[in-house]
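J.: Contents are mmCIF, C-alpha atoms and all ligand atoms; file name model_17.cif:
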```
data_work
#
loop_
_atom_site.group_PDB
_atom_site.id
_atom_site.type_symbol
_atom_site.label_atom_id
_atom_site.label_comp_id
_atom_site.auth_asym_id
_atom_site.auth_seq_id
_atom_site.Cartn_x
_atom_site.Cartn_y
_atom_site.Cartn_z
ATOM 1 C CA MET A 289 21.298 -0.029 6.375
ATOM 2 C CA ASN A 290 17.555 0.137 6.089
ATOM 3 C CA GLN A 291 16.353 -3.358 5.359
ATOM 4 C CA VAL A 292 12.694 -4.255 5.714
ATOM 5 C CA PRO A 293 10.737 -7.228 4.389
ATOM 6 C CA ALA A 294 9.160 -6.713 0.980
ATOM 7 C CA ALA A 295 5.865 -7.985 -0.423
ATOM 8 C CA LEU A 296 4.349 -7.937 -3.880
ATOM 9 C CA THR A 297 0.708 -7.683 -4.894
ATOM 10 C CA ILE A 298 -0.459 -8.808 -8.322
ATOM 11 C CA ALA A 299 -3.925 -7.321 -8.683
ATOM 12 C CA GLY A 300 -6.352 -4.848 -10.211
ATOM 13 C CA THR A 301 -6.761 -1.202 -9.282
ATOM 14 C CA ASP A 302 -9.341 0.905 -7.477
ATOM 15 C CA PRO A 303 -9.056 4.640 -8.246
ATOM 16 C CA SER A 304 -11.259 5.382 -5.219
ATOM 17 C CA GLY A 305 -8.546 3.874 -3.047
ATOM 18 C CA GLY A 306 -10.485 1.307 -1.032
ATOM 19 C CA ALA A 307 -9.772 -2.024 -2.710
ATOM 20 C CA GLY A 308 -7.310 -3.736 -5.035
ATOM 21 C CA VAL A 309 -3.722 -2.618 -5.418
ATOM 22 C CA GLN A 310 -4.342 0.632 -3.567
ATOM 23 C CA ALA A 311 -5.643 -1.154 -0.459
ATOM 24 C CA ASP A 312 -2.792 -3.656 -0.634
ATOM 25 C CA LEU A 313 -0.060 -1.012 -0.792
ATOM 26 C CA LYS A 314 -1.580 1.003 2.054
ATOM 27 C CA THR A 315 -1.692 -2.174 4.141
ATOM 28 C CA PHE A 316 1.906 -3.161 3.355
ATOM 29 C CA GLN A 317 3.101 0.320 4.272
ATOM 30 C CA GLU A 318 1.199 0.309 7.587
ATOM 31 C CA LEU A 319 2.756 -3.029 8.478
ATOM 32 C CA LYS A 320 6.308 -1.883 7.790
ATOM 33 C CA THR A 321 6.609 -3.922 4.638
ATOM 34 C CA TYR A 322 8.147 -2.545 1.472
ATOM 35 C CA GLY A 323 5.234 -2.743 -0.977
ATOM 36 C CA MET A 324 5.385 -3.484 -4.689
ATOM 37 C CA SER A 325 2.591 -3.959 -7.231
ATOM 38 C CA VAL A 326 2.025 -5.552 -10.606
ATOM 39 C CA ILE A 327 -1.201 -4.296 -12.174
ATOM 40 C CA THR A 328 -3.351 -6.855 -13.993
ATOM 41 C CA SER A 329 -6.430 -4.732 -14.738
ATOM 42 C CA VAL A 330 -7.305 -1.072 -14.476
ATOM 43 C CA VAL A 331 -10.760 -0.888 -12.966
ATOM 44 C CA ALA A 332 -13.034 2.149 -12.929
ATOM 45 C CA GLN A 333 -14.791 1.666 -9.613
ATOM 46 C CA ASN A 334 -15.760 3.446 -6.435
ATOM 47 C CA THR A 335 -17.752 2.838 -3.263
ATOM 48 C CA THR A 336 -20.951 2.306 -5.289
ATOM 49 C CA GLY A 337 -19.646 -0.368 -7.623
ATOM 50 C CA VAL A 338 -17.661 -1.113 -10.757
ATOM 51 C CA GLN A 339 -18.183 1.117 -13.771
ATOM 52 C CA ASP A 340 -15.669 -0.365 -16.215
ATOM 53 C CA ALA A 341 -12.477 -2.422 -16.483
ATOM 54 C CA GLU A 342 -9.624 -2.768 -18.944
ATOM 55 C CA HIS A 343 -7.197 -5.633 -18.674
ATOM 56 C CA MET A 344 -3.462 -5.259 -19.142
ATOM 57 C CA SER A 345 -1.985 -7.221 -22.041
ATOM 58 C CA VAL A 346 -0.302 -10.521 -21.248
ATOM 59 C CA PRO A 347 3.144 -9.280 -22.417
ATOM 60 C CA MET A 348 2.825 -6.196 -20.207
ATOM 61 C CA ILE A 349 1.881 -8.275 -17.155
ATOM 62 C CA LYS A 350 4.821 -10.600 -17.743
ATOM 63 C CA GLN A 351 7.099 -7.628 -18.264
ATOM 64 C CA GLN A 352 6.023 -6.020 -14.971
ATOM 65 C CA LEU A 353 6.565 -9.301 -13.142
ATOM 66 C CA GLY A 354 9.973 -9.644 -14.779
ATOM 67 C CA SER A 355 10.926 -6.112 -13.719
ATOM 68 C CA VAL A 356 10.170 -6.804 -10.074
ATOM 69 C CA ILE A 357 11.382 -10.391 -9.817
ATOM 70 C CA SER A 358 14.700 -9.662 -11.527
ATOM 71 C CA ASP A 359 15.486 -6.745 -9.250
ATOM 72 C CA ILE A 360 14.087 -6.822 -5.727
ATOM 73 C CA PRO A 361 13.792 -9.845 -3.404
ATOM 74 C CA PHE A 362 10.483 -10.201 -1.576
ATOM 75 C CA GLN A 363 9.362 -12.523 1.203
ATOM 76 C CA ALA A 364 5.668 -12.927 0.343
ATOM 77 C CA PHE A 365 3.296 -12.155 -2.510
ATOM 78 C CA LYS A 366 -0.425 -12.131 -3.095
ATOM 79 C CA THR A 367 -2.769 -12.162 -6.042
ATOM 80 C CA GLY A 368 -6.109 -10.399 -6.252
ATOM 81 C CA MET A 369 -8.047 -9.799 -9.455
ATOM 82 C CA LEU A 370 -6.864 -12.093 -12.267
ATOM 83 C CA ALA A 371 -9.549 -11.446 -14.854
ATOM 84 C CA ASN A 372 -9.189 -14.290 -17.330
ATOM 85 C CA ILE A 373 -7.346 -17.482 -18.214
ATOM 86 C CA GLU A 374 -4.659 -15.674 -20.240
ATOM 87 C CA ILE A 375 -3.767 -13.461 -17.277
ATOM 88 C CA MET A 376 -3.808 -16.399 -14.852
ATOM 89 C CA ASP A 377 -1.570 -18.339 -17.186
ATOM 90 C CA ALA A 378 0.920 -15.458 -17.492
ATOM 91 C CA VAL A 379 1.085 -15.078 -13.722
ATOM 92 C CA ALA A 380 1.407 -18.840 -13.210
ATOM 93 C CA GLU A 381 4.324 -18.971 -15.643
ATOM 94 C CA LYS A 382 6.188 -16.132 -13.947
ATOM 95 C CA ILE A 383 5.669 -17.242 -10.355
ATOM 96 C CA SER A 384 6.289 -20.942 -10.865
ATOM 97 C CA GLY A 385 9.631 -21.836 -9.378
ATOM 98 C CA LEU A 386 9.589 -18.956 -6.889
ATOM 99 C CA ASP A 387 10.178 -20.319 -3.418
ATOM 100 C CA ILE A 388 8.182 -17.540 -1.750
ATOM 101 C CA PRO A 389 4.857 -17.897 0.104
ATOM 102 C CA TYR A 390 1.932 -17.183 -2.221
ATOM 103 C CA ILE A 391 -1.290 -15.864 -0.677
ATOM 104 C CA MET A 392 -4.244 -15.961 -3.062
ATOM 105 C CA ASP A 393 -7.341 -13.819 -2.594
ATOM 106 C CA PRO A 394 -9.551 -15.616 -5.144
ATOM 107 C CA VAL A 395 -11.369 -12.451 -6.166
ATOM 108 C CA MET A 396 -14.494 -13.253 -8.169
ATOM 109 C CA VAL A 397 -17.369 -10.921 -7.318
ATOM 110 C CA THR A 398 -17.194 -7.551 -5.504
ATOM 111 C CA THR A 399 -19.195 -6.684 -2.393
ATOM 112 C CA SER A 400 -21.451 -4.674 -4.701
ATOM 113 C CA GLY A 401 -22.134 -7.761 -6.848
ATOM 114 C CA HIS A 402 -19.920 -7.123 -9.873
ATOM 115 C CA THR A 403 -18.139 -10.060 -11.467
ATOM 116 C CA LEU A 404 -14.400 -9.457 -11.770
ATOM 117 C CA ILE A 405 -13.283 -12.678 -13.431
ATOM 118 C CA ALA A 406 -14.493 -14.545 -16.502
ATOM 119 C CA GLU A 407 -16.691 -17.553 -15.686
ATOM 120 C CA ASP A 408 -14.525 -19.958 -17.659
ATOM 121 C CA SER A 409 -11.404 -19.015 -15.688
ATOM 122 C CA ARG A 410 -12.726 -20.368 -12.378
ATOM 123 C CA ALA A 411 -11.801 -23.930 -13.256
ATOM 124 C CA TYR A 412 -8.354 -22.801 -14.392
ATOM 125 C CA LEU A 413 -7.785 -20.990 -11.101
ATOM 126 C CA ARG A 414 -8.732 -24.095 -9.164
ATOM 127 C CA LYS A 415 -6.640 -26.476 -11.217
ATOM 128 C CA ASN A 416 -3.517 -24.450 -11.983
ATOM 129 C CA LEU A 417 -3.141 -21.713 -9.372
ATOM 130 C CA LEU A 418 -4.539 -23.218 -6.169
ATOM 131 C CA PRO A 419 -1.811 -25.891 -5.925
ATOM 132 C CA MET A 420 0.837 -23.135 -5.989
ATOM 133 C CA THR A 421 -0.536 -21.332 -2.955
ATOM 134 C CA ALA A 422 0.660 -21.237 0.627
ATOM 135 C CA LEU A 423 -2.811 -19.935 1.498
ATOM 136 C CA VAL A 424 -6.080 -19.146 -0.263
ATOM 137 C CA THR A 425 -8.645 -16.814 1.346
ATOM 138 C CA PRO A 426 -12.116 -17.353 -0.161
ATOM 139 C CA ASN A 427 -15.297 -15.738 1.158
ATOM 140 C CA ILE A 428 -18.452 -17.869 1.272
ATOM 141 C CA LEU A 429 -19.405 -17.354 -2.342
ATOM 142 C CA GLU A 430 -15.887 -18.038 -3.586
ATOM 143 C CA THR A 431 -15.770 -21.129 -1.386
ATOM 144 C CA GLU A 432 -18.959 -22.397 -3.032
ATOM 145 C CA VAL A 433 -17.491 -21.807 -6.492
ATOM 146 C CA ILE A 434 -14.239 -23.586 -5.624
ATOM 147 C CA THR A 435 -15.777 -26.589 -3.873
ATOM 148 C CA GLY A 436 -19.078 -26.859 -5.750
ATOM 149 C CA GLU A 437 -20.808 -27.235 -2.362
ATOM 150 C CA THR A 438 -23.423 -24.997 -0.763
ATOM 151 C CA ILE A 439 -22.113 -23.299 2.381
ATOM 152 C CA LYS A 440 -24.713 -22.551 5.027
ATOM 153 C CA THR A 441 -23.232 -23.337 8.435
ATOM 154 C CA PRO A 442 -19.889 -22.989 10.249
ATOM 155 C CA GLU A 443 -19.502 -26.776 9.854
ATOM 156 C CA ASP A 444 -19.859 -26.372 6.066
ATOM 157 C CA MET A 445 -17.095 -23.734 6.159
ATOM 158 C CA GLN A 446 -14.765 -26.011 8.110
ATOM 159 C CA GLN A 447 -15.448 -28.914 5.787
ATOM 160 C CA ALA A 448 -14.798 -26.724 2.755
ATOM 161 C CA ALA A 449 -11.484 -25.464 4.166
ATOM 162 C CA LYS A 450 -10.309 -29.071 4.478
ATOM 163 C CA GLN A 451 -11.579 -29.953 1.013
ATOM 164 C CA ILE A 452 -9.740 -27.015 -0.582
ATOM 165 C CA VAL A 453 -6.470 -28.276 0.912
ATOM 166 C CA HIS A 454 -6.927 -32.036 0.467
ATOM 167 C CA GLN A 455 -8.821 -32.126 -2.820
ATOM 168 C CA PHE A 456 -7.561 -29.036 -4.634
ATOM 169 C CA GLY A 457 -4.047 -28.843 -3.252
ATOM 170 C CA ALA A 458 -3.928 -25.384 -1.666
ATOM 171 C CA GLY A 459 -1.236 -25.071 1.014
ATOM 172 C CA ALA A 460 -3.853 -23.837 3.480
ATOM 173 C CA ALA A 461 -7.368 -22.399 3.273
ATOM 174 C CA LEU A 462 -8.944 -19.523 5.188
ATOM 175 C CA VAL A 463 -12.705 -19.559 4.655
ATOM 176 C CA LYS A 464 -14.062 -16.138 5.636
ATOM 177 C CA GLY A 465 -17.454 -15.638 7.170
ATOM 178 C CA GLY A 466 -17.817 -11.900 6.705
ATOM 179 C CA HIS A 467 -21.021 -12.565 4.840
ATOM 180 C CA MET A 468 -22.528 -14.853 7.501
ATOM 181 C CA ALA A 469 -24.905 -13.518 10.171
ATOM 182 C CA ASP A 470 -23.985 -12.854 13.845
ATOM 183 C CA GLU A 471 -20.258 -13.295 14.330
ATOM 184 C CA ALA A 472 -17.474 -12.576 11.819
ATOM 185 C CA VAL A 473 -15.906 -16.011 12.031
ATOM 186 C CA ASP A 474 -13.161 -17.344 9.756
ATOM 187 C CA PHE A 475 -11.746 -20.875 9.686
ATOM 188 C CA LEU A 476 -8.161 -21.663 8.773
ATOM 189 C CA TYR A 477 -7.153 -25.185 7.859
ATOM 190 C CA ASP A 478 -3.394 -25.503 7.498
ATOM 191 C CA GLY A 479 -3.265 -29.139 6.475
ATOM 192 C CA GLU A 480 -3.011 -30.320 10.070
ATOM 193 C CA LYS A 481 -5.269 -28.281 12.295
ATOM 194 C CA LEU A 482 -8.370 -26.160 12.136
ATOM 195 C CA HIS A 483 -8.041 -22.715 13.673
ATOM 196 C CA THR A 484 -10.990 -20.444 14.418
ATOM 197 C CA PHE A 485 -10.801 -16.652 14.291
ATOM 198 C CA SER A 486 -13.918 -14.995 15.537
ATOM 199 C CA THR A 487 -14.884 -11.405 16.307
ATOM 200 C CA GLU A 488 -18.103 -9.553 16.921
ATOM 201 C CA ARG A 489 -19.861 -8.413 13.775
ATOM 202 C CA ILE A 490 -19.450 -4.670 13.342
ATOM 203 C CA ASP A 491 -22.637 -2.960 12.254
ATOM 204 C CA THR A 492 -21.447 -1.077 9.202
ATOM 205 C CA THR A 493 -21.836 -1.059 5.445
ATOM 206 C CA ASN A 494 -18.253 0.193 5.062
ATOM 207 C CA THR A 495 -16.760 -3.084 3.898
ATOM 208 C CA HIS A 496 -15.376 -2.110 0.506
ATOM 209 C CA GLY A 497 -12.003 -3.804 0.139
ATOM 210 C CA THR A 498 -12.081 -5.893 3.316
ATOM 211 C CA GLY A 499 -10.887 -9.027 1.538
ATOM 212 C CA CYS A 500 -8.019 -7.184 -0.184
ATOM 213 C CA THR A 501 -6.845 -5.546 3.039
ATOM 214 C CA TYR A 502 -7.095 -8.798 5.013
ATOM 215 C CA SER A 503 -5.051 -10.861 2.544
ATOM 216 C CA ALA A 504 -2.510 -8.050 2.157
ATOM 217 C CA ALA A 505 -2.117 -7.938 5.950
ATOM 218 C CA ILE A 506 -1.566 -11.703 6.013
ATOM 219 C CA ALA A 507 1.071 -11.347 3.275
ATOM 220 C CA ALA A 508 2.760 -8.538 5.206
ATOM 221 C CA TYR A 509 2.931 -10.564 8.415
ATOM 222 C CA VAL A 510 4.199 -13.586 6.499
ATOM 223 C CA SER A 511 6.898 -11.376 4.952
ATOM 224 C CA HIS A 512 7.973 -10.556 8.509
ATOM 225 C CA GLY A 513 8.406 -14.257 9.209
ATOM 226 C CA TYR A 514 5.195 -15.089 11.072
ATOM 227 C CA LYS A 515 3.918 -18.608 10.500
ATOM 228 C CA LEU A 516 0.375 -18.971 9.161
ATOM 229 C CA PRO A 517 -1.860 -19.223 12.212
ATOM 230 C CA ASP A 518 -0.068 -16.272 13.841
ATOM 231 C CA ALA A 519 -0.025 -14.207 10.647
ATOM 232 C CA VAL A 520 -3.774 -14.765 10.224
ATOM 233 C CA ARG A 521 -4.510 -14.003 13.884
ATOM 234 C CA LYS A 522 -2.669 -10.704 13.633
ATOM 235 C CA ALA A 523 -4.227 -9.856 10.276
ATOM 236 C CA LYS A 524 -7.685 -10.571 11.705
ATOM 237 C CA ASP A 525 -7.052 -7.997 14.454
ATOM 238 C CA PHE A 526 -5.785 -5.589 11.796
ATOM 239 C CA ILE A 527 -8.872 -5.966 9.535
ATOM 240 C CA THR A 528 -11.302 -5.838 12.462
ATOM 241 C CA ALA A 529 -9.812 -2.529 13.610
ATOM 242 C CA ALA A 530 -9.832 -1.307 9.987
ATOM 243 C CA ILE A 531 -13.563 -2.096 9.695
ATOM 244 C CA ARG A 532 -14.355 -0.601 13.108
ATOM 245 C CA HIS A 533 -12.665 2.679 12.121
ATOM 246 C CA SER A 534 -13.723 2.558 8.472
ATOM 247 C CA PHE A 535 -14.280 5.734 6.474
ATOM 248 C CA SER A 536 -17.762 6.981 5.719
ATOM 249 C CA VAL A 537 -16.729 8.444 2.384
ATOM 250 C CA GLY A 538 -18.511 8.078 -0.929
ATOM 251 C CA GLN A 539 -22.134 7.344 -1.759
ATOM 252 C CA GLY A 540 -21.918 3.579 -1.259
ATOM 253 C CA SER A 541 -20.022 1.021 0.800
ATOM 254 C CA GLY A 542 -17.122 2.935 2.362
ATOM 255 C CA PRO A 543 -13.510 1.744 2.577
ATOM 256 C CA THR A 544 -11.668 0.299 5.559
ATOM 257 C CA ASN A 545 -9.069 2.251 7.520
ATOM 258 C CA GLN A 546 -5.602 0.757 7.265
ATOM 259 C CA TRP A 547 -4.177 2.968 10.004
ATOM 260 C CA ALA A 548 -6.806 1.876 12.565
ATOM 261 C CA HIS A 549 -4.312 -0.568 14.098
ATOM 262 C CA ARG A 550 -2.479 2.502 15.418
ATOM 263 C CA ILE A 551 -5.668 3.830 17.064
ATOM 264 C CA GLU A 552 -6.395 0.443 18.658
ATOM 265 C CA ARG A 553 -2.736 -0.358 19.274
ATOM 266 C CA VAL A 554 -2.985 -3.729 17.554
ATOM 267 C CA LYS A 555 0.343 -5.443 18.168
HETATM 268 N N1 LIG B 601 -19.218 -6.379 9.442
HETATM 269 C C1 LIG B 601 -18.084 -7.022 9.794
HETATM 270 N N2 LIG B 601 -17.664 -6.979 11.085
HETATM 271 C C2 LIG B 601 -16.531 -7.605 11.462
HETATM 272 N N3 LIG B 601 -15.759 -8.302 10.631
HETATM 273 C C3 LIG B 601 -16.130 -8.381 9.328
HETATM 274 C C4 LIG B 601 -17.307 -7.746 8.832
HETATM 275 N N4 LIG B 601 -17.415 -7.975 7.502
HETATM 276 C C5 LIG B 601 -16.341 -8.728 7.173
HETATM 277 N N5 LIG B 601 -15.572 -8.983 8.269
HETATM 278 C C6 LIG B 601 -14.322 -9.733 8.308
HETATM 279 O O1 LIG B 601 -13.454 -9.130 7.361
HETATM 280 C C7 LIG B 601 -12.647 -10.105 6.747
HETATM 281 C C8 LIG B 601 -12.890 -10.075 5.250
HETATM 282 O O2 LIG B 601 -13.942 -10.940 4.992
HETATM 283 P P1 LIG B 601 -15.033 -10.869 3.843
HETATM 284 O O3 LIG B 601 -15.773 -12.168 3.917
HETATM 285 O O4 LIG B 601 -15.837 -9.631 3.950
HETATM 286 O O5 LIG B 601 -14.104 -10.803 2.587
HETATM 287 P P2 LIG B 601 -14.451 -10.546 1.095
HETATM 288 O O6 LIG B 601 -15.885 -10.823 0.846
HETATM 289 O O7 LIG B 601 -13.448 -11.279 0.307
HETATM 290 O O8 LIG B 601 -14.188 -9.004 0.954
HETATM 291 P P3 LIG B 601 -14.489 -8.042 -0.285
HETATM 292 O O9 LIG B 601 -15.711 -7.263 0.162
HETATM 293 O O10 LIG B 601 -13.287 -7.197 -0.373
HETATM 294 O O11 LIG B 601 -14.728 -8.903 -1.494
HETATM 295 C C9 LIG B 601 -13.016 -11.426 7.418
HETATM 296 O O12 LIG B 601 -12.178 -11.641 8.540
HETATM 297 C C10 LIG B 601 -14.430 -11.181 7.880
HETATM 298 O O13 LIG B 601 -14.766 -12.048 8.957
HETATM 299 C C1 LIG B 602 -9.415 -4.471 -8.227
HETATM 300 C C2 LIG B 602 -10.290 -5.103 -7.190
HETATM 301 N N1 LIG B 602 -9.913 -6.238 -6.614
HETATM 302 C C3 LIG B 602 -10.698 -6.818 -5.687
HETATM 303 C C4 LIG B 602 -11.895 -6.258 -5.319
HETATM 304 C C5 LIG B 602 -12.777 -6.973 -4.312
HETATM 305 O O1 LIG B 602 -13.115 -6.218 -3.260
HETATM 306 C C6 LIG B 602 -12.261 -5.035 -5.938
HETATM 307 N N2 LIG B 602 -13.416 -4.386 -5.626
HETATM 308 N N3 LIG B 602 -11.438 -4.477 -6.861
#
```
Show the structure stored in the file as structure tokens.

T.:
Amino acid sequence: MNQVPAALTIAGTDPSGGAGVQADLKTFQELKTYGMSVITSVVAQNTTGVQDAEHMSVPMIKQQLGSVISDIPFQAFKTGMLANIEIMDAVAEKISGLDIPYIMDPVMVTTSGHTLIAEDSRAYLRKNLLPMTALVTPNILETEVITGETIKTPEDMQQAAKQIVHQFGAGAALVKGGHMADEAVDFLYDGEKLHTFSTERIDTTNTHGTGCTYSAAIAAYVSHGYKLPDAVRKAKDFITAAIRHSFSVGQGSGPTNQWAHRIERVK
């Protein structure tokens, strides 16, 4: 018998290995979670930015989801890049009715400033996908798009986390402050309480794929049975170590190190 929890990522690719499906699978593996992936878009990108993207057809995305869902049970899943309304709709159709925690990384724009989803799909994401989530993990910019409010202070972030749950129906919201000055502080609102996760800001430009790795780590911990505040706390330690020991590879913003938790003995 060799039974481990399983998790699924539904996302786009990164051939340079730092973000997207590749980051998710590395993270699942490090956290002793059997990793599976449904590819929504093939993206030509690297540490310097996005060069091109081709989206999978809707039938092919549904087929991949069918292949996984009909065969292997999993205990958590996440979505990353869902490029347009058609893709969001296909995913929504296939995951509706699944009684499995859904963690959404509402990927919109990359660290390097490239838009990964069509403008007109933002409203669809908010209306149709957010209410299906157990947790959504927007950065500041994504939080502004979802709420329509400008986010400048930690109080704005906390307010937005509550709004995303109460007004837009997400199960919980983790508003990430990786792009704020000073500390790297994130706020989780789980419908009842606000939780703060704060670490020192690491002085590095190697932050390619931080959001992907963080949400994948949360999904992995959830698949192991951790409840949200604990899963996020552990994932925060995991991503902080991964940024601290990030790789200075490539000409641009380097990727995070998913095995750093072993170096730092993150438990
Ligand atoms: N320089 C840093 N030092 C420490 N923690 C950081 C740093 N940059 C980001 N983080 C943390 O990493 C996690 C990911 O947050 P971030 O806001 O960067 O996500 P993101 O913008 O979605 O990522 P991506 O670059 O993949 O789009 C958060 O916990 C954030 O606080
Ligand atoms: C495929 C993909 N998803 C998400 C991000 C955001 O970091 C990225 N760069 N590429």

J.: Please report the interatomic distance between atom CA of Thr492 of chain A and atom CA of Ala307 of chain A in Å with one decimal.

T.: 16.7 Å

J.: Within 12 Å of (4.4, -9.1, -18.6) (coordinates as in the file), grab all the protein and nucleic acid residues, counting all atoms listed in the file, and write them out as number ranges by chain.

T.: A: 298, 326-328, 344-357, 374-383

J.: I want to know what sits within 8 Å of segment 363-367 of chain A, based on all atoms listed in the file, with residues of the same chain fewer than 5 positions away left out; could you give that as JSON, numbers by chain?

T.: {"A": [293, 294, 295, 296, 297, 298, 299, 388, 389, 390, 391, 392, 393, 394, 503, 504, 507, 508, 510, 511, 512]}

J.: Generate the output file for the selected residues, C-alpha atoms, as a PDB file, keeping the file's coordinate frame.

T.:
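Below is the file out-v8.pdb, written as the result:
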```pdb
ATOM      1  CA  PRO A 293      10.737  -7.228   4.389  1.00  0.00           C
ATOM      2  CA  ALA A 294       9.160  -6.713   0.980  1.00  0.00           C
ATOM      3  CA  ALA A 295       5.865  -7.985  -0.423  1.00  0.00           C
ATOM      4  CA  LEU A 296       4.349  -7.937  -3.880  1.00  0.00           C
ATOM      5  CA  THR A 297       0.708  -7.683  -4.894  1.00  0.00           C
ATOM      6  CA  ILE A 298      -0.459  -8.808  -8.322  1.00  0.00           C
ATOM      7  CA  ALA A 299      -3.925  -7.321  -8.683  1.00  0.00           C
ATOM      8  CA  ILE A 388       8.182 -17.540  -1.750  1.00  0.00           C
ATOM      9  CA  PRO A 389       4.857 -17.897   0.104  1.00  0.00           C
ATOM     10  CA  TYR A 390       1.932 -17.183  -2.221  1.00  0.00           C
ATOM     11  CA  ILE A 391      -1.290 -15.864  -0.677  1.00  0.00           C
ATOM     12  CA  MET A 392      -4.244 -15.961  -3.062  1.00  0.00           C
ATOM     13  CA  ASP A 393      -7.341 -13.819  -2.594  1.00  0.00           C
ATOM     14  CA  PRO A 394      -9.551 -15.616  -5.144  1.00  0.00           C
ATOM     15  CA  SER A 503      -5.051 -10.861   2.544  1.00  0.00           C
ATOM     16  CA  ALA A 504      -2.510  -8.050   2.157  1.00  0.00           C
ATOM     17  CA  ALA A 507       1.071 -11.347   3.275  1.00  0.00           C
ATOM     18  CA  ALA A 508       2.760  -8.538   5.206  1.00  0.00           C
ATOM     19  CA  VAL A 510       4.199 -13.586   6.499  1.00  0.00           C
ATOM     20  CA  SER A 511       6.898 -11.376   4.952  1.00  0.00           C
ATOM     21  CA  HIS A 512       7.973 -10.556   8.509  1.00  0.00           C
TER      22      HIS A 512
END
```

J.: Convert the output of the PyMOL selection byres (((chain A and resi 418-420) around 8) and not hetatm) on the shown file into explicit residues, formatted as a list of chain:residue names.

T.: A:Ser384, A:Tyr390, A:Met392, A:Leu413, A:Arg414, A:Lys415, A:Asn416, A:Leu417, A:Thr421, A:Ala422, A:Val424, A:Phe456, A:Gly457, A:Ala458, A:Gly459

J.: Only C-alpha atoms, please: the residues just picked out, written as a PDB file, in the frame of the given file.

T.:
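What ended up in part_39.pdb:
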```pdb
ATOM      1  CA  SER A 384       6.289 -20.942 -10.865  1.00  0.00           C
ATOM      2  CA  TYR A 390       1.932 -17.183  -2.221  1.00  0.00           C
ATOM      3  CA  MET A 392      -4.244 -15.961  -3.062  1.00  0.00           C
ATOM      4  CA  LEU A 413      -7.785 -20.990 -11.101  1.00  0.00           C
ATOM      5  CA  ARG A 414      -8.732 -24.095  -9.164  1.00  0.00           C
ATOM      6  CA  LYS A 415      -6.640 -26.476 -11.217  1.00  0.00           C
ATOM      7  CA  ASN A 416      -3.517 -24.450 -11.983  1.00  0.00           C
ATOM      8  CA  LEU A 417      -3.141 -21.713  -9.372  1.00  0.00           C
ATOM      9  CA  THR A 421      -0.536 -21.332  -2.955  1.00  0.00           C
ATOM     10  CA  ALA A 422       0.660 -21.237   0.627  1.00  0.00           C
ATOM     11  CA  VAL A 424      -6.080 -19.146  -0.263  1.00  0.00           C
ATOM     12  CA  PHE A 456      -7.561 -29.036  -4.634  1.00  0.00           C
ATOM     13  CA  GLY A 457      -4.047 -28.843  -3.252  1.00  0.00           C
ATOM     14  CA  ALA A 458      -3.928 -25.384  -1.666  1.00  0.00           C
ATOM     15  CA  GLY A 459      -1.236 -25.071   1.014  1.00  0.00           C
TER      16      GLY A 459
END
```

J.: I'd like to know which of A:Arg550, A:Asp518, A:Gly479, A:Thr498 is closest to His454 of chain A, using only C-alpha atoms.

T.: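 So, comparing all the options, the nearest one is A:Gly479.
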
J.: Residues at most 12 Å from Val397 of chain A, counting only C-alpha atoms, excluding those fewer than 6 positions away in the same chain, as a list in words?

T.: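 Here the qualifying residues turn out to be Gly337, Val338, Gly368, Met369, Leu370, Ala371, Thr403, Leu404, Ile405, Ala406, Glu407, Arg410, Pro426, Asn427, Ile428, Leu429, Glu430, Thr431, Val433, His496, Gly497 and Gly499 of chain A.
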
J.: Could you jot down the atom CA of His533 of chain A to atom CA of Tyr477 of chain A separation for me, Å, one decimal place?

T.: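 Atom-to-atom, atom CA of His533 of chain A and atom CA of Tyr477 of chain A are spaced 28.7 Å apart.
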
J.: I need the residue set behind the PyMOL selection byres (((chain A and resi 474) around 8) and not hetatm) for this file; please write it as a ChimeraX atom specification.

T.: /A:462-466,472-473,475-476,484-486

J.: So, counting all atoms listed in the file, which residue among A:Asp478, A:Asp525, A:Gly385, A:Ile506 is closest to Ala449 of chain A?

T.: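 Ranking A:Asp478, A:Asp525, A:Gly385, A:Ile506 by distance to Ala449 of chain A, first place goes to A:Asp478.
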
J.: Name the residues, using the chain letters and numbers of the file, that sit within 12 Å of (-20.2, 2.3, -8.9) when counting all atoms listed in the file, and give them as an mmCIF file with C-alpha atoms, keeping the file's coordinate frame.

T.:
```cif
data_model
loop_
_atom_site.group_PDB
_atom_site.id
_atom_site.type_symbol
_atom_site.label_atom_id
_atom_site.label_comp_id
_atom_site.auth_asym_id
_atom_site.auth_seq_id
_atom_site.Cartn_x
_atom_site.Cartn_y
_atom_site.Cartn_z
ATOM 1 C CA ASP A 302 -9.341 0.905 -7.477
ATOM 2 C CA PRO A 303 -9.056 4.640 -8.246
ATOM 3 C CA SER A 304 -11.259 5.382 -5.219
ATOM 4 C CA VAL A 331 -10.760 -0.888 -12.966
ATOM 5 C CA ALA A 332 -13.034 2.149 -12.929
ATOM 6 C CA GLN A 333 -14.791 1.666 -9.613
ATOM 7 C CA ASN A 334 -15.760 3.446 -6.435
ATOM 8 C CA THR A 335 -17.752 2.838 -3.263
ATOM 9 C CA THR A 336 -20.951 2.306 -5.289
ATOM 10 C CA GLY A 337 -19.646 -0.368 -7.623
ATOM 11 C CA VAL A 338 -17.661 -1.113 -10.757
ATOM 12 C CA GLN A 339 -18.183 1.117 -13.771
ATOM 13 C CA ASP A 340 -15.669 -0.365 -16.215
ATOM 14 C CA ALA A 341 -12.477 -2.422 -16.483
ATOM 15 C CA THR A 398 -17.194 -7.551 -5.504
ATOM 16 C CA THR A 399 -19.195 -6.684 -2.393
ATOM 17 C CA SER A 400 -21.451 -4.674 -4.701
ATOM 18 C CA GLY A 401 -22.134 -7.761 -6.848
ATOM 19 C CA HIS A 402 -19.920 -7.123 -9.873
ATOM 20 C CA HIS A 496 -15.376 -2.110 0.506
ATOM 21 C CA GLY A 538 -18.511 8.078 -0.929
ATOM 22 C CA GLN A 539 -22.134 7.344 -1.759
ATOM 23 C CA GLY A 540 -21.918 3.579 -1.259
ATOM 24 C CA SER A 541 -20.022 1.021 0.800
ATOM 25 C CA GLY A 542 -17.122 2.935 2.362
#
```
